[in-house]
Every structure is written in structure tokens, then in C-alpha cells.
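Shown next: query.csv, containing CSV, C-alpha atoms.
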chain,number,residue,atom,x,y,z
A,598,TYR,CA,-3.6,-23.8,9.9
A,599,GLU,CA,-6.7,-24.2,7.7
A,600,HIS,CA,-8.4,-21.5,5.6
A,601,ALA,CA,-11.3,-21.5,3.3
A,602,SER,CA,-10.8,-22.1,-0.4
A,603,PHE,CA,-11.1,-19.2,-2.8
A,604,PHE,CA,-14.6,-19.9,-3.9
A,605,GLN,CA,-15.8,-20.7,-0.4
A,606,SER,CA,-14.8,-17.5,1.2
A,607,TYR,CA,-17.7,-15.2,2.0
A,608,PRO,CA,-15.8,-12.0,1.1
A,609,VAL,CA,-14.9,-13.5,-2.3
A,610,LEU,CA,-18.5,-14.6,-2.9
A,611,PHE,CA,-19.7,-11.1,-2.0
A,612,LEU,CA,-17.2,-9.7,-4.4
A,613,PHE,CA,-18.5,-11.9,-7.3
A,614,LEU,CA,-22.1,-11.1,-6.4
A,615,TRP,CA,-21.3,-7.4,-6.5
A,616,GLN,CA,-19.7,-7.8,-9.9
A,617,PHE,CA,-22.6,-9.9,-11.2
A,618,GLY,CA,-24.9,-7.1,-10.1
A,619,GLY,CA,-22.9,-4.7,-12.1
A,620,LEU,CA,-23.9,-6.6,-15.3
A,621,GLY,CA,-27.4,-5.1,-14.9
A,622,ILE,CA,-26.3,-2.0,-16.8
A,623,TYR,CA,-26.0,-4.2,-20.0
A,624,ILE,CA,-29.2,-6.2,-19.4
A,625,PHE,CA,-31.4,-3.1,-18.9
A,626,ASN,CA,-29.9,-1.4,-21.9
A,627,TRP,CA,-29.4,-4.3,-24.3
A,628,ASP,CA,-29.9,-2.2,-27.5
A,629,HIS,CA,-26.8,-0.2,-26.7
A,630,PHE,CA,-24.7,-3.1,-25.4
A,631,PHE,CA,-21.5,-2.3,-27.2
A,632,VAL,CA,-21.6,1.4,-26.4
A,633,CYS,CA,-22.2,0.6,-22.7
A,634,PHE,CA,-19.5,-2.0,-22.7
A,635,MET,CA,-16.9,0.4,-24.1
A,636,ARG,CA,-17.9,3.2,-21.7
A,637,THR,CA,-17.6,0.9,-18.7
A,638,LEU,CA,-14.4,-0.9,-19.8
A,639,PRO,CA,-12.2,1.2,-17.5
A,640,TYR,CA,-14.4,0.0,-14.7
A,641,TRP,CA,-13.9,-3.7,-15.5
A,642,ILE,CA,-10.2,-3.6,-16.1
A,643,PRO,CA,-9.2,-2.9,-12.5
A,644,ILE,CA,-11.9,-5.2,-11.2
A,645,VAL,CA,-10.7,-8.2,-13.3
A,646,SER,CA,-7.0,-7.4,-12.5
A,647,ALA,CA,-7.6,-7.2,-8.7
A,648,SER,CA,-9.7,-10.4,-8.8
A,649,SER,CA,-7.0,-12.2,-10.7
A,650,MET,CA,-4.3,-11.1,-8.3
A,651,LEU,CA,-6.5,-12.1,-5.3
A,652,CYS,CA,-7.0,-15.5,-6.8
A,653,CYS,CA,-3.3,-16.1,-7.6
A,654,THR,CA,-2.1,-15.0,-4.1
A,655,TRP,CA,-5.0,-16.6,-2.1
A,656,ASP,CA,-3.2,-19.8,-1.0
A,657,VAL,CA,-0.7,-18.3,1.5
A,658,GLU,CA,0.2,-21.7,2.9
A,659,TYR,CA,1.3,-23.0,-0.5
A,660,ARG,CA,3.7,-20.0,-0.9
A,661,LEU,CA,5.3,-20.4,2.6
A,662,ILE,CA,8.5,-22.3,3.0
A,663,THR,CA,9.1,-24.2,6.2
A,664,LEU,CA,12.4,-24.0,8.1
A,665,SER,CA,13.0,-27.7,7.5
A,666,ASN,CA,12.6,-27.4,3.7
A,667,TYR,CA,14.9,-24.3,3.8
A,668,VAL,CA,17.6,-26.2,5.8
A,669,SER,CA,17.3,-29.3,3.6
A,670,ARG,CA,18.0,-27.3,0.4
A,671,ASN,CA,21.3,-25.8,1.6
A,672,PHE,CA,22.3,-26.4,5.1
A,673,GLU,CA,25.4,-24.2,5.2
A,674,ASP,CA,23.6,-21.1,3.8
A,675,ALA,CA,20.6,-21.7,6.1
A,676,LEU,CA,22.9,-22.0,9.1
A,677,HIS,CA,24.6,-18.8,8.3
A,678,HIS,CA,21.3,-17.0,7.5
A,679,VAL,CA,19.3,-18.1,10.6
A,680,GLY,CA,22.3,-17.5,12.8
A,681,SER,CA,22.5,-13.9,11.6
A,682,CYS,CA,18.8,-13.2,11.9
A,683,LEU,CA,17.1,-11.4,14.8
A,684,PHE,CA,13.4,-12.0,15.6
A,685,LEU,CA,12.0,-9.2,17.7
A,686,ARG,CA,8.5,-7.9,18.4
A,687,ASP,CA,7.8,-4.5,16.9
A,688,TYR,CA,7.1,-2.9,20.2
A,689,ILE,CA,10.5,-4.1,21.5
A,690,VAL,CA,12.2,-2.5,18.5
A,691,LYS,CA,10.2,0.7,19.2
A,692,ALA,CA,11.3,0.7,22.8
A,693,GLY,CA,14.9,0.3,21.8
A,694,LEU,CA,14.6,3.0,19.2
A,695,ARG,CA,13.1,5.5,21.7
A,696,SER,CA,15.7,4.6,24.3
A,697,LEU,CA,18.5,5.1,21.8
A,698,GLN,CA,17.1,8.5,20.7
A,699,ARG,CA,16.8,9.7,24.3
A,700,GLY,CA,20.4,8.5,25.1
A,701,ARG,CA,23.5,8.6,23.0
A,702,GLY,CA,21.6,8.7,19.7
A,703,PHE,CA,22.5,7.2,16.3
A,704,ARG,CA,25.9,7.4,14.9
A,705,THR,CA,26.3,10.0,12.2
A,706,LYS,CA,26.8,8.9,8.6
A,707,ALA,CA,26.4,5.2,9.6
A,708,GLY,CA,24.9,2.7,7.3
A,709,MET,CA,21.5,0.9,7.9
A,710,GLY,CA,23.3,-2.2,9.2
A,711,ILE,CA,25.2,-0.1,11.9
A,712,SER,CA,22.0,1.6,13.0
A,713,ILE,CA,20.2,-1.7,13.3
A,714,GLN,CA,23.1,-3.1,15.4
A,715,ASP,CA,22.9,0.0,17.6
A,716,ILE,CA,19.2,-0.6,18.2
A,717,VAL,CA,19.8,-4.3,19.0
A,718,GLN,CA,22.6,-3.4,21.4
A,719,GLU,CA,20.3,-0.9,23.1
A,720,ILE,CA,17.6,-3.6,23.4
A,721,GLU,CA,20.1,-5.9,25.0
A,722,ASN,CA,21.0,-3.2,27.5
A,723,LEU,CA,17.3,-2.6,28.3
A,724,GLU,CA,16.8,-6.4,28.8
A,725,THR,CA,19.8,-6.6,31.1
A,726,GLN,CA,18.4,-3.7,33.2
A,727,GLY,CA,15.0,-5.2,33.3
A,728,LYS,CA,13.3,-2.3,31.6
A,729,LEU,CA,11.5,-4.4,29.0
A,730,LYS,CA,9.1,-6.1,31.4
A,731,ASP,CA,6.5,-3.4,31.0
A,732,ALA,CA,6.8,-3.1,27.2
A,733,LYS,CA,3.5,-3.9,25.6
A,734,PRO,CA,2.1,-3.5,22.1
A,735,ASP,CA,0.1,-0.3,21.6
A,736,ILE,CA,-2.9,-1.0,19.4
A,737,HIS,CA,-3.7,2.7,19.1
A,738,ASP,CA,-0.2,3.7,17.9
A,739,ASN,CA,-0.7,5.4,14.6
A,740,HIS,CA,2.8,6.9,14.4
A,741,PHE,CA,5.0,5.6,11.6
A,742,TRP,CA,8.1,5.3,13.8
A,743,MET,CA,9.8,2.9,11.5
A,744,SER,CA,10.3,5.8,9.0
A,745,GLU,CA,12.6,7.3,11.6
A,746,ILE,CA,15.1,4.5,10.9
A,747,ILE,CA,14.5,4.0,7.2
A,748,TYR,CA,13.9,7.5,5.8
A,749,VAL,CA,14.8,10.1,8.4
A,750,LEU,CA,18.4,9.1,9.1
A,751,ASN,CA,20.9,10.1,6.5
A,752,HIS,CA,22.4,6.7,5.8
A,753,PRO,CA,25.2,6.9,3.2
A,754,ASP,CA,25.1,3.3,2.1
A,755,GLU,CA,24.0,2.5,-1.5
A,756,ARG,CA,20.8,0.7,-0.6
A,757,SER,CA,19.6,3.5,1.6
A,758,VAL,CA,20.4,6.2,-0.9
A,759,SER,CA,18.7,4.3,-3.6
A,760,PHE,CA,15.6,3.7,-1.4
A,761,ARG,CA,15.3,7.4,-0.6
A,762,PHE,CA,15.7,8.3,-4.3
A,763,TRP,CA,12.9,6.0,-5.5
A,764,PHE,CA,10.7,6.8,-2.5
A,765,ARG,CA,10.8,10.5,-3.4
A,766,ILE,CA,9.7,9.6,-7.0
A,767,TYR,CA,6.9,7.4,-5.6
A,768,ARG,CA,5.8,10.1,-3.3
A,769,CYS,CA,5.7,12.7,-6.1
A,770,TYR,CA,3.8,10.2,-8.3
A,771,THR,CA,1.3,9.6,-5.5
A,772,ILE,CA,0.7,13.3,-4.9
A,773,LEU,CA,0.3,13.8,-8.6
A,774,MET,CA,-2.3,11.0,-9.0
A,775,LEU,CA,-4.2,12.1,-6.0
A,776,SER,CA,-4.3,15.7,-7.3
A,777,PHE,CA,-5.5,14.3,-10.7
A,778,LEU,CA,-8.3,12.2,-9.1
A,779,ILE,CA,-9.4,15.1,-7.0
A,780,GLY,CA,-9.5,17.3,-10.1
A,781,LEU,CA,-11.6,14.7,-11.9
A,782,TRP,CA,-14.0,14.5,-9.0
A,783,LEU,CA,-14.4,18.3,-8.8
A,784,SER,CA,-14.8,18.6,-12.6
A,785,THR,CA,-17.5,15.9,-12.6
A,786,GLN,CA,-19.4,17.7,-9.9
A,787,TRP,CA,-19.2,21.0,-11.6
A,788,ARG,CA,-20.2,19.5,-14.9
A,789,HIS,CA,-23.2,17.8,-13.3
A,790,ASP,CA,-24.2,21.2,-11.8
A,791,LEU,CA,-23.9,22.8,-15.2
A,792,ASN,CA,-26.0,20.2,-16.9
A,793,ARG,CA,-28.7,20.7,-14.3
A,794,ASN,CA,-28.7,24.5,-15.0
A,795,HIS,CA,-27.2,25.3,-11.6
A,796,PRO,CA,-25.0,28.4,-11.5
A,797,VAL,CA,-21.4,27.6,-12.1
A,798,GLY,CA,-19.3,30.7,-12.6
A,799,GLY,CA,-15.9,32.2,-12.0
A,800,TRP,CA,-12.8,30.0,-12.2
A,801,LYS,CA,-14.9,26.9,-12.1
A,802,ARG,CA,-16.5,27.8,-15.5
A,803,SER,CA,-13.0,28.7,-16.8
A,804,TRP,CA,-11.9,25.2,-15.7
A,805,LEU,CA,-14.7,23.5,-17.6
A,806,ASN,CA,-14.1,25.6,-20.7
A,807,ALA,CA,-10.4,24.6,-20.6
A,808,GLU,CA,-11.5,21.0,-20.4
A,809,ASP,CA,-13.8,21.5,-23.4
A,810,ARG,CA,-11.0,23.0,-25.5
A,811,LEU,CA,-8.6,20.2,-24.5
A,812,GLY,CA,-11.3,17.6,-25.4
A,813,SER,CA,-11.8,19.2,-28.8
A,814,LEU,CA,-8.1,19.1,-29.5
A,815,ILE,CA,-7.8,15.4,-28.6
A,816,ALA,CA,-10.9,14.5,-30.6
Serialized structure, C-alpha cells:
Amino acid sequence: YEHASFFQSYPVLFLFLWQFGGLGIYIFNWDHFFVCFMRTLPYWIPIVSASSMLCCTWDVEYRLITLSNYVSRNFEDALHHVGSCLFLRDYIVKAGLRSLQRGRGFRTKAGMGISIQDIVQEIENLETQGKLKDAKPDIHDNHFWMSEIIYVLNHPDERSVSFRFWFRIYRCYTILMLSFLIGLWLSTQWRHDLNRNHPVGGWKRSWLNAEDRLGSLIA
């Protein structure tokens, strides 16, 4: 396939145009350039980081490895790997999962590999019975059904246990960061209302006073 180069893609050009427009804050306040730059530095760091990652990962075709190249490097490993792989549509896997849940269910305390083998066997049974002819992808499906295999089942194997452990840490971190960002948003809104002499009282004022005390301690 062919795709546009990095600097010829319209979304990328729009991204750079938007960044260029953001430089106006320095042009219209040139006397305080350094102060403005230091205040807006947290804004530019993620912009530059995201742009760099986008540029480095833009050429997907270059990073892909063809089957012929993979086989030519190590034929024996490629033969074993390809022979043990299963290529199935996502809605086929979902149909096998739902059929297995309605039927005999998953085996208790089985590893991830055993559960996948059970799903594949159930798909083969459905194919033999001709029940997969009406299976079609559902573009409006917003249910994370794959989590029922990866996270819900209590797989005792080491990789599954390790995944659940680190996923819990990641989920707690995500909730903590979202709470922190929501707190910053609310604090900014209340501070803006206070500076405009709008009434801010109760626990909101106590929140802002606590922020002022924390800021004085850090300063």
C-alpha cells in the first residue's frame, strides 16, 4: 500500500500549523519572552514529545516484516511459529466465547493457553454445526468482551497473575491521575471566580486556602 509522507499528511500539517499559531503568545508579548516561555514550558514538552513519537512511528510499512523475510531468517522457527498460530476474526472469537459461556463454561483454575484452546475448540464445533454462517461484526459493540478472557477469569499461570497485578497498579494510577486533573480543573475554576470577585464560600474557599498554604510551604 501507499501512504503520504510525514510532511505531506494533512493532519500533520494542521498539527504544525496549530503549534505555529501557539507561538503568537511570545510575539505579542515580546518584552516578557523568557517569563512567558518558562510559564508555557509544560505546554510544549508534551507537544514536542508527541510530535517526535508520531514522526518516529509514522512509516508503518518500514516497521512491518513480511512472511517471506521471517521465513528466510530462520525457517525452522518460522515453521513452528506459523504452524501454532491461529488467525481468527474478532467476532468469530466472540461467538465462540459466548457459546462456551452458555454451554459447559471454562475450566476452573486453567491457564490462559487452556482457555484459548477451549475457545478454539468451541469455534470448531460451531463451524461443524454451521452456526457461524450468520456471524457478522457488530460495529456498535462497545462491550469489552476480551476482558472476560484476560482479566475476569482467575488464571493461575504466572503471566496471567503478573498481568492482573500490574493492571491493578495501572488502574489505580489512572484513577489517581484523573482525580488530580479534575481537582486542578475545579481549583482553577474556583480561583478564577475568586479573582473576579464572585462569591466562593464553604469548603471551596477552604480548598483554595489549603492550596495557598501548600504553595507558601513549597515556595
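Note that the spacing between atom CA of A:Arg695 and atom CA of A:Asn751 amounts to 17.7 Å.
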- Message: Report, in Å with one decimal, the straight-line distance from atom CA of A:Thr705 to atom CA of A:His752.
- Response: 8.2 Å
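Of the residues listed (A:Val632, A:Met709, A:Leu638, A:Met743), A:Met743 shows the shortest atom-to-atom separation from A:Lys691; distances use all atoms listed in the file.
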- Please provide the set of residues having any atom within 7 Å of A:Pro753, restricted to all atoms listed in the file, with same-chain residues fewer than 5 positions apart removed, written as a ChimeraX atom specification. /A:706-708,758
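Atom CA of A:Leu676 to atom CA of A:Glu721 spans 22.8 Å [interatomic distance, one decimal].
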- Item | All residues 8 Å or closer to stretch 725-736 of chain A, all atoms listed in the file, same chain fewer than 6 positions away omitted, as a list in words | Asp687, Tyr688, Ile689 and Ala692 of chain A
- Message: So that I can see what lies close to stretch 634-637 of chain A, please list as a ChimeraX atom specification the residues with an atom at most 8 Å from it, counting only C-alpha atoms and leaving out residues fewer than 4 positions away in the same chain.
- Response: /A:623,630,641
Please produce an output containing C-alpha atoms for each residue in the selection, written as an mmCIF file, keeping the file's coordinate frame.
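Below you can see again_4.cif, which holds the result:
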data_model
loop_
_atom_site.group_PDB
_atom_site.id
_atom_site.type_symbol
_atom_site.label_atom_id
_atom_site.label_comp_id
_atom_site.auth_asym_id
_atom_site.auth_seq_id
_atom_site.Cartn_x
_atom_site.Cartn_y
_atom_site.Cartn_z
ATOM 1 C CA TYR A 623 -26.000 -4.200 -20.000
ATOM 2 C CA PHE A 630 -24.700 -3.100 -25.400
ATOM 3 C CA TRP A 641 -13.900 -3.700 -15.500
#
- Pick the closest to A:Ile713 from A:Leu697, A:Leu651, A:Ala675, A:Ile642: which is it, counting only C-alpha atoms? A:Leu697
